[in-house]
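Undergrad: What follows is the file upload.cif, containing mmCIF, C-alpha atoms:
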data_start
#
loop_
_atom_site.group_PDB
_atom_site.id
_atom_site.type_symbol
_atom_site.label_atom_id
_atom_site.label_comp_id
_atom_site.auth_asym_id
_atom_site.auth_seq_id
_atom_site.Cartn_x
_atom_site.Cartn_y
_atom_site.Cartn_z
ATOM 1 C CA PRO N 1 -51.705 274.584 144.464
ATOM 2 C CA LEU N 2 -48.242 274.917 145.966
ATOM 3 C CA GLN N 3 -48.376 274.382 149.724
ATOM 4 C CA LEU N 4 -46.024 273.607 152.596
ATOM 5 C CA TRP N 5 -47.277 271.008 155.052
ATOM 6 C CA ARG N 6 -45.568 271.066 158.458
ATOM 7 C CA PHE N 7 -46.122 268.220 160.885
ATOM 8 C CA GLY N 8 -45.718 268.110 164.670
ATOM 9 C CA LEU N 9 -47.401 271.439 165.421
ATOM 10 C CA ARG N 10 -50.928 270.120 166.059
ATOM 11 C CA SER N 11 -52.125 267.616 168.623
ATOM 12 C CA ASP N 12 -54.384 265.860 166.121
ATOM 13 C CA GLY N 13 -51.471 264.913 163.842
ATOM 14 C CA ARG N 14 -52.780 266.950 160.915
ATOM 15 C CA PRO N 15 -50.430 269.257 159.011
ATOM 16 C CA THR N 16 -50.217 273.022 159.334
ATOM 17 C CA VAL N 17 -50.523 274.443 155.797
ATOM 18 C CA SER N 18 -48.831 277.606 154.530
ATOM 19 C CA SER N 19 -48.450 279.190 151.097
ATOM 20 C CA PRO N 20 -45.226 279.534 149.062
ATOM 21 C CA PRO N 21 -43.379 282.859 148.680
ATOM 22 C CA ALA N 22 -43.686 283.180 144.898
ATOM 23 C CA ALA N 23 -45.165 281.705 141.756
ATOM 24 C CA LEU N 24 -43.078 279.310 139.673
ATOM 25 C CA PRO N 25 -42.565 279.046 135.919
ATOM 26 C CA PRO N 26 -43.592 275.779 134.236
ATOM 27 C CA LEU N 27 -41.224 272.814 133.874
ATOM 28 C CA VAL N 28 -39.006 273.617 136.878
ATOM 29 C CA GLN N 29 -37.676 270.593 138.781
ATOM 30 C CA PRO N 30 -37.296 270.713 142.584
ATOM 31 C CA PHE N 31 -34.523 269.204 144.681
ATOM 32 C CA VAL N 32 -33.805 269.677 148.367
ATOM 33 C CA GLY N 33 -30.751 270.423 150.519
ATOM 34 C CA ASP N 34 -29.538 272.698 153.299
ATOM 35 C CA PHE N 35 -27.585 274.925 150.931
ATOM 36 C CA ASP N 36 -26.962 277.773 153.386
ATOM 37 C CA GLY N 37 -26.046 275.535 156.338
ATOM 38 C CA ASP N 38 -28.641 276.878 158.790
ATOM 39 C CA HIS N 39 -30.080 273.399 159.611
ATOM 40 C CA ARG N 40 -33.259 274.122 157.624
ATOM 41 C CA ASP N 41 -33.786 272.488 154.245
ATOM 42 C CA ASP N 42 -34.134 274.677 151.181
ATOM 43 C CA ILE N 43 -35.715 273.991 147.774
ATOM 44 C CA PHE N 44 -33.759 274.525 144.554
ATOM 45 C CA TRP N 45 -36.074 274.925 141.564
ATOM 46 C CA TYR N 46 -33.980 273.993 138.533
ATOM 47 C CA GLY N 47 -35.139 275.284 135.181
ATOM 48 C CA PRO N 48 -33.614 273.156 132.393
ATOM 49 C CA GLY N 49 -32.584 275.111 129.323
ATOM 50 C CA ALA N 50 -33.533 278.784 129.395
ATOM 51 C CA THR N 51 -36.209 278.381 132.108
ATOM 52 C CA PRO N 52 -35.387 280.634 135.104
ATOM 53 C CA ASP N 53 -34.266 278.863 138.263
ATOM 54 C CA SER N 54 -34.483 279.881 141.907
ATOM 55 C CA VAL N 55 -33.813 278.764 145.462
ATOM 56 C CA TRP N 56 -36.314 279.004 148.282
ATOM 57 C CA PHE N 57 -34.312 279.249 151.500
ATOM 58 C CA GLY N 58 -36.131 277.844 154.521
ATOM 59 C CA SER N 59 -36.578 280.580 157.125
ATOM 60 C CA GLY N 60 -38.443 278.685 159.845
ATOM 61 C CA LEU N 61 -42.091 278.935 160.883
ATOM 62 C CA GLY N 62 -43.188 277.675 157.484
ATOM 63 C CA SER N 63 -41.783 280.532 155.425
ATOM 64 C CA PHE N 64 -39.195 280.779 152.643
ATOM 65 C CA THR N 65 -37.013 283.523 151.215
ATOM 66 C CA ALA N 66 -36.950 283.269 147.420
ATOM 67 C CA THR N 67 -33.791 283.968 145.402
ATOM 68 C CA GLU N 68 -33.908 283.994 141.612
ATOM 69 C CA SER N 69 -31.660 283.975 138.524
ATOM 70 C CA LEU N 70 -28.837 281.810 139.809
ATOM 71 C CA GLY N 71 -27.601 280.884 136.344
ATOM 72 C CA ALA N 72 -27.874 277.101 136.596
ATOM 73 C CA PRO N 73 -26.262 275.207 133.682
ATOM 74 C CA LEU N 74 -28.206 275.306 130.447
ATOM 75 C CA GLY N 75 -29.246 272.012 128.924
ATOM 76 C CA GLY N 76 -30.211 268.638 130.344
ATOM 77 C CA TYR N 77 -28.188 268.326 133.542
ATOM 78 C CA THR N 78 -28.925 266.058 136.503
ATOM 79 C CA PRO N 79 -28.387 267.781 139.884
ATOM 80 C CA LEU N 80 -26.824 265.520 142.543
ATOM 81 C CA VAL N 81 -26.900 266.863 146.112
ATOM 82 C CA GLY N 82 -24.203 266.103 148.702
ATOM 83 C CA ASP N 83 -21.722 267.810 151.007
ATOM 84 C CA PHE N 84 -18.620 267.345 148.865
ATOM 85 C CA ASP N 85 -16.329 269.566 150.959
ATOM 86 C CA GLY N 86 -17.714 268.544 154.365
ATOM 87 C CA ASP N 87 -18.464 272.077 155.584
ATOM 88 C CA GLY N 88 -22.080 271.474 156.591
ATOM 89 C CA HIS N 89 -23.571 273.179 153.532
ATOM 90 C CA ALA N 90 -25.279 271.062 150.867
ATOM 91 C CA ASP N 91 -23.596 271.303 147.467
ATOM 92 C CA VAL N 92 -24.791 270.488 143.946
ATOM 93 C CA PHE N 93 -22.859 268.421 141.411
ATOM 94 C CA TRP N 94 -24.227 269.095 137.939
ATOM 95 C CA GLN N 95 -23.914 265.843 135.998
ATOM 96 C CA GLY N 96 -24.052 266.395 132.257
ATOM 97 C CA THR N 97 -24.316 264.080 129.293
ATOM 98 C CA GLY N 98 -21.473 263.155 126.913
ATOM 99 C CA GLY N 99 -19.179 266.155 126.519
ATOM 100 C CA SER N 100 -21.145 268.595 128.692
ATOM 101 C CA VAL N 101 -19.111 270.810 131.008
ATOM 102 C CA GLU N 102 -19.751 269.661 134.581
ATOM 103 C CA SER N 103 -19.343 271.693 137.737
ATOM 104 C CA ILE N 104 -19.882 271.734 141.490
ATOM 105 C CA TRP N 105 -21.764 274.489 143.234
ATOM 106 C CA TYR N 106 -20.582 274.632 146.829
ATOM 107 C CA GLY N 107 -23.221 275.811 149.288
ATOM 108 C CA ALA N 108 -22.479 278.933 151.291
ATOM 109 C CA ALA N 109 -24.123 281.447 153.601
ATOM 110 C CA ARG N 110 -27.341 282.748 152.102
ATOM 111 C CA ALA N 111 -25.903 286.135 151.131
ATOM 112 C CA SER N 112 -23.065 284.448 149.223
ATOM 113 C CA ARG N 113 -25.340 281.847 147.604
ATOM 114 C CA PHE N 114 -22.988 279.357 145.873
ATOM 115 C CA ALA N 115 -19.288 279.091 145.033
ATOM 116 C CA LYS N 116 -19.329 277.737 141.464
ATOM 117 C CA VAL N 117 -16.346 275.599 140.479
ATOM 118 C CA THR N 118 -15.720 273.999 137.094
ATOM 119 C CA ASP N 119 -12.876 271.481 137.144
ATOM 120 C CA ALA N 120 -11.869 269.051 134.406
ATOM 121 C CA GLY N 121 -11.185 266.536 137.179
ATOM 122 C CA TRP N 122 -14.935 266.192 137.673
ATOM 123 C CA ASP N 123 -16.112 264.599 134.422
ATOM 124 C CA THR N 124 -18.442 261.609 134.665
ATOM 125 C CA GLY N 125 -18.130 260.831 130.953
ATOM 126 C CA ALA N 126 -20.327 257.957 129.795
ATOM 127 C CA ALA N 127 -21.456 256.676 133.202
ATOM 128 C CA ASP N 128 -24.980 255.263 133.070
ATOM 129 C CA LYS N 129 -25.749 255.968 136.715
ATOM 130 C CA VAL N 130 -24.076 258.226 139.285
ATOM 131 C CA VAL N 131 -24.960 257.959 142.986
ATOM 132 C CA VAL N 132 -23.875 259.989 146.009
ATOM 133 C CA GLY N 133 -22.692 258.669 149.377
ATOM 134 C CA ASP N 134 -19.977 259.078 151.986
ATOM 135 C CA PHE N 135 -18.288 255.779 151.214
ATOM 136 C CA ASP N 136 -15.123 256.380 153.281
ATOM 137 C CA GLY N 137 -16.719 258.039 156.321
ATOM 138 C CA ASP N 138 -14.692 261.253 156.202
ATOM 139 C CA GLY N 139 -17.706 263.569 156.299
ATOM 140 C CA ARG N 140 -17.455 264.463 152.603
ATOM 141 C CA SER N 141 -19.806 263.079 149.958
ATOM 142 C CA ASP N 142 -18.334 260.900 147.213
ATOM 143 C CA LEU N 143 -19.605 259.748 143.814
ATOM 144 C CA PHE N 144 -19.946 256.214 142.469
ATOM 145 C CA LEU N 145 -19.966 256.027 138.665
ATOM 146 C CA TYR N 146 -21.679 252.893 137.400
ATOM 147 C CA GLY N 147 -21.648 251.679 133.804
ATOM 148 C CA TYR N 148 -24.025 248.935 132.727
ATOM 149 C CA GLY N 149 -22.636 245.643 131.461
ATOM 150 C CA LEU N 150 -18.882 245.715 130.832
ATOM 151 C CA LYS N 151 -18.466 249.490 131.040
ATOM 152 C CA ALA N 152 -15.863 250.852 133.443
ATOM 153 C CA ASP N 153 -16.991 251.704 136.982
ATOM 154 C CA ALA N 154 -15.292 253.941 139.536
ATOM 155 C CA VAL N 155 -15.705 255.591 142.909
ATOM 156 C CA TRP N 156 -14.602 259.204 143.263
ATOM 157 C CA TYR N 157 -13.544 260.065 146.794
ATOM 158 C CA SER N 158 -13.797 263.760 147.655
ATOM 159 C CA ASN N 159 -10.724 265.393 149.164
ATOM 160 C CA ALA N 160 -10.214 268.367 151.461
ATOM 161 C CA GLY N 161 -9.708 271.760 149.869
ATOM 162 C CA ARG N 162 -12.246 271.477 147.024
ATOM 163 C CA VAL N 163 -9.685 269.824 144.759
ATOM 164 C CA ALA N 164 -10.223 267.062 142.182
ATOM 165 C CA PRO N 165 -11.359 263.724 143.646
ATOM 166 C CA THR N 166 -9.300 260.576 144.088
ATOM 167 C CA LYS N 167 -10.591 258.120 141.486
ATOM 168 C CA VAL N 168 -10.528 254.381 142.197
ATOM 169 C CA THR N 169 -11.568 251.892 139.496
ATOM 170 C CA LYS N 170 -14.171 249.291 140.456
ATOM 171 C CA VAL N 171 -15.755 246.403 138.556
ATOM 172 C CA VAL N 172 -19.477 245.686 138.724
ATOM 173 C CA PHE N 173 -20.617 243.089 136.212
ATOM 174 C CA GLY N 174 -24.097 242.927 134.768
ATOM 175 C CA THR N 175 -26.918 245.430 135.074
ATOM 176 C CA ALA N 176 -28.105 246.394 138.533
ATOM 177 C CA THR N 177 -29.584 249.350 140.401
ATOM 178 C CA PRO N 178 -27.288 250.805 143.100
ATOM 179 C CA VAL N 179 -29.166 251.586 146.329
ATOM 180 C CA VAL N 180 -27.097 253.723 148.726
ATOM 181 C CA GLY N 181 -27.366 253.946 152.515
ATOM 182 C CA ASN N 182 -25.597 253.096 155.759
ATOM 183 C CA ILE N 183 -26.966 249.568 155.976
ATOM 184 C CA ASP N 184 -24.433 247.986 158.363
ATOM 185 C CA GLY N 185 -24.157 250.860 160.862
ATOM 186 C CA PRO N 186 -20.905 252.453 162.100
ATOM 187 C CA VAL N 187 -17.597 250.833 161.236
ATOM 188 C CA ALA N 188 -15.962 249.459 164.389
ATOM 189 C CA GLY N 189 -13.907 252.250 165.926
ATOM 190 C CA GLY N 190 -14.681 254.656 163.099
ATOM 191 C CA ALA N 191 -17.226 256.944 161.501
ATOM 192 C CA PRO N 192 -20.333 255.695 159.696
ATOM 193 C CA THR N 193 -19.864 254.903 156.009
ATOM 194 C CA ASP N 194 -22.417 254.490 153.249
ATOM 195 C CA ASP N 195 -22.898 251.121 151.559
ATOM 196 C CA ILE N 196 -24.244 250.018 148.165
ATOM 197 C CA TYR N 197 -26.871 247.320 147.712
ATOM 198 C CA TRP N 198 -26.763 246.141 144.085
ATOM 199 C CA TYR N 199 -30.382 245.338 143.361
ATOM 200 C CA THR N 200 -31.425 243.114 140.476
ATOM 201 C CA PRO N 201 -35.072 242.053 140.005
ATOM 202 C CA GLY N 202 -35.882 238.555 141.199
ATOM 203 C CA ALA N 203 -35.400 236.394 144.262
ATOM 204 C CA THR N 204 -31.737 235.544 143.611
ATOM 205 C CA SER N 205 -29.123 236.908 146.013
ATOM 206 C CA ASP N 206 -27.643 240.380 145.453
ATOM 207 C CA PRO N 207 -24.216 241.798 146.356
ATOM 208 C CA LEU N 208 -23.956 244.260 149.240
ATOM 209 C CA TRP N 209 -20.834 246.441 149.274
ATOM 210 C CA THR N 210 -20.136 247.866 152.713
ATOM 211 C CA GLY N 211 -17.790 250.822 153.112
ATOM 212 C CA THR N 212 -14.787 250.009 155.303
ATOM 213 C CA GLY N 213 -13.626 253.547 156.097
ATOM 214 C CA ALA N 214 -10.346 252.898 154.243
ATOM 215 C CA ARG N 215 -11.586 253.785 150.755
ATOM 216 C CA THR N 216 -12.399 250.150 150.027
ATOM 217 C CA PHE N 217 -15.526 248.017 150.137
ATOM 218 C CA ALA N 218 -16.182 244.638 151.712
ATOM 219 C CA ALA N 219 -18.495 242.510 149.576
ATOM 220 C CA VAL N 220 -21.092 240.229 151.138
ATOM 221 C CA ILE N 221 -24.113 238.414 149.721
ATOM 222 C CA ALA N 222 -27.558 239.681 150.696
ATOM 223 C CA PRO N 223 -30.924 238.014 150.117
ATOM 224 C CA GLY N 224 -32.818 238.995 146.997
ATOM 225 C CA ASN N 225 -36.450 239.988 146.644
ATOM 226 C CA THR N 226 -38.970 240.179 143.838
ATOM 227 C CA GLY N 227 -40.064 243.679 144.846
ATOM 228 C CA VAL N 228 -38.488 247.113 144.405
ATOM 229 C CA PRO N 229 -36.419 248.433 147.357
ATOM 230 C CA ILE N 230 -36.996 251.746 149.124
ATOM 231 C CA ILE N 231 -34.228 252.662 151.569
ATOM 232 C CA GLY N 232 -34.763 254.636 154.786
ATOM 233 C CA HIS N 233 -34.556 254.547 158.596
ATOM 234 C CA PHE N 234 -37.896 252.949 159.425
ATOM 235 C CA ASP N 235 -37.268 251.499 162.906
ATOM 236 C CA GLY N 236 -34.791 253.975 164.367
ATOM 237 C CA TYR N 237 -35.017 257.058 166.511
ATOM 238 C CA PRO N 238 -32.175 258.941 168.246
ATOM 239 C CA GLY N 239 -30.606 256.565 170.750
ATOM 240 C CA ALA N 240 -32.341 253.440 169.444
ATOM 241 C CA PRO N 241 -30.140 250.335 168.889
ATOM 242 C CA ASN N 242 -30.770 250.355 165.142
ATOM 243 C CA ALA N 243 -30.940 254.123 164.635
ATOM 244 C CA ALA N 244 -27.717 254.212 162.577
ATOM 245 C CA ARG N 245 -28.701 251.379 160.242
ATOM 246 C CA ALA N 246 -30.731 251.954 157.095
ATOM 247 C CA ASP N 247 -33.552 249.555 156.249
ATOM 248 C CA LEU N 248 -34.993 248.316 152.964
ATOM 249 C CA TYR N 249 -38.740 248.381 152.385
ATOM 250 C CA TRP N 250 -39.844 246.162 149.495
ATOM 251 C CA ARG N 251 -42.907 247.029 147.464
#
Transcribe the structure of this file into structure tokens.

TA:
Amino acid sequence: PLQLWRFGLRSDGRPTVSSPPAALPPLVQPFVGDFDGDHRDDIFWYGPGATPDSVWFGSGLGSFTATESLGAPLGGYTPLVGDFDGDGHADVFWQGTGGSVESIWYGAARASRFAKVTDAGWDTGAADKVVVGDFDGDGRSDLFLYGYGLKADAVWYSNAGRVAPTKVTKVVFGTATPVVGNIDGPVAGGAPTDDIYWYTPGATSDPLWTGTGARTFAAVIAPGNTGVPIIGHFDGYPGAPNAARADLYWR
């Protein structure tokens, strides 16, 4: 059954369980973001094709307010969550497949739901993998478009004013899995930037691209591992020396 488990409310460490606000149709796919900017995460239930979609807005105290019939794009889109205009509301970039019309839904106050923008400047084309990160540290999420083998690669830097991104061509040879996070901590004298660890299976060394804050990357060599990386902040807490640095857990 659908349940919300909230931790930190009981002294024994067990979760407090509450029920969802509404039933869901089959085949919906959930993704999470603070779409209304109230510092509580919400759940977007995307229904591919003609399946109805909805958003459950977090209301605190374990409850949600359900909103339905948002008109998400029909067909097989991949939703990518980031704050592309830097206003504190999570947005959704709808990545399509070859020739599909792509758009950004900018998060807004709950009553306004989303500002839906379709712009020909946002077209990922034949990219094999698209990842989200703030690679220049300006508080706006960017996109990295990665093509396997000899395909063209690029980073799209978001700009103020919800206009088309600044596109910078990059070259990544071979086939790797981009793992995004702020691995090296804050840039000296500047804001934190996200980095890309280019993982390839095996113990050989892998490239680590660290964001410089100037819309460029500095490339260093990082140790390889035979496992699969999971990125997160596993040793940090607010104020800890390593709180700003992401870690890699290998399984």

Undergrad: Might you spell out which residues the PyMOL selection byres ((chain N and resi 166) around 6) would select in the displayed file, as JSON, numbers by chain?

TA: {"N": [156, 157, 165, 167]}

Undergrad: Can you write out the residues you just picked, keeping C-alpha atoms, as an mmCIF file, in the frame of the given file?

TA:
data_model
loop_
_atom_site.group_PDB
_atom_site.id
_atom_site.type_symbol
_atom_site.label_atom_id
_atom_site.label_comp_id
_atom_site.auth_asym_id
_atom_site.auth_seq_id
_atom_site.Cartn_x
_atom_site.Cartn_y
_atom_site.Cartn_z
ATOM 1 C CA TRP N 156 -14.602 259.204 143.263
ATOM 2 C CA TYR N 157 -13.544 260.065 146.794
ATOM 3 C CA PRO N 165 -11.359 263.724 143.646
ATOM 4 C CA LYS N 167 -10.591 258.120 141.486
#

Undergrad: Could you give me the centre and size, in Å to one decimal, of an axis-aligned box around all listed atoms of region 26-32 of chain N with 3 Å added on every side, as JSON?

TA:
{"center_x": -38.7, "center_y": 272.5, "center_z": 141.1, "size_x": 15.8, "size_y": 12.6, "size_z": 20.5}

Undergrad: Neighbours of His39 (chain N) within 12 Å (only C-alpha atoms; same-chain residues fewer than 4 positions away dropped), as number ranges by chain?

TA: N: 33-35, 57-60, 88-90, 109

Undergrad: I want to know what sits within 7 Å of region 143-153 of chain N, based on all atoms listed in the file, with residues of the same chain fewer than 3 positions away left out; could you give that as a list in words?

TA: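 Everything that qualifies: Ala127, Asp128, Lys129, Val130, Val131, Val132, Gly133, Trp156, Tyr157, Thr169, Lys170, Val171, Val172, Phe173, Gly174 and Thr175 of chain N.
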
Undergrad: Pick the closest to Asp85 (chain N) from N:Asp235, N:Asp194, N:Asp142, N:Asp42: which is it, counting all atoms listed in the file?

TA: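 So, comparing all the options, the nearest one is N:Asp142.
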
Undergrad: Using only C-alpha atoms for the distances, tell me which of N:Ala115, N:Ala218, N:Ala23, N:Val32 is nearest to Ala66 (chain N).

TA: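 Using only C-alpha atoms, the shortest distance to Ala66 (chain N) belongs to N:Ala23.
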
Undergrad: Please determine, counting all atoms listed in the file, which residue among N:Gly37, N:Gly227, N:Pro52, N:Pro79 has the shortest atom-to-atom distance to Pro25 (chain N).

TA: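 Looking at the shortest contact to Pro25 (chain N), the residue is N:Pro52.
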
Undergrad: Distance CA of Arg6 (chain N)-CA of Arg113 (chain N), one decimal place?

TA: 25.4 Å
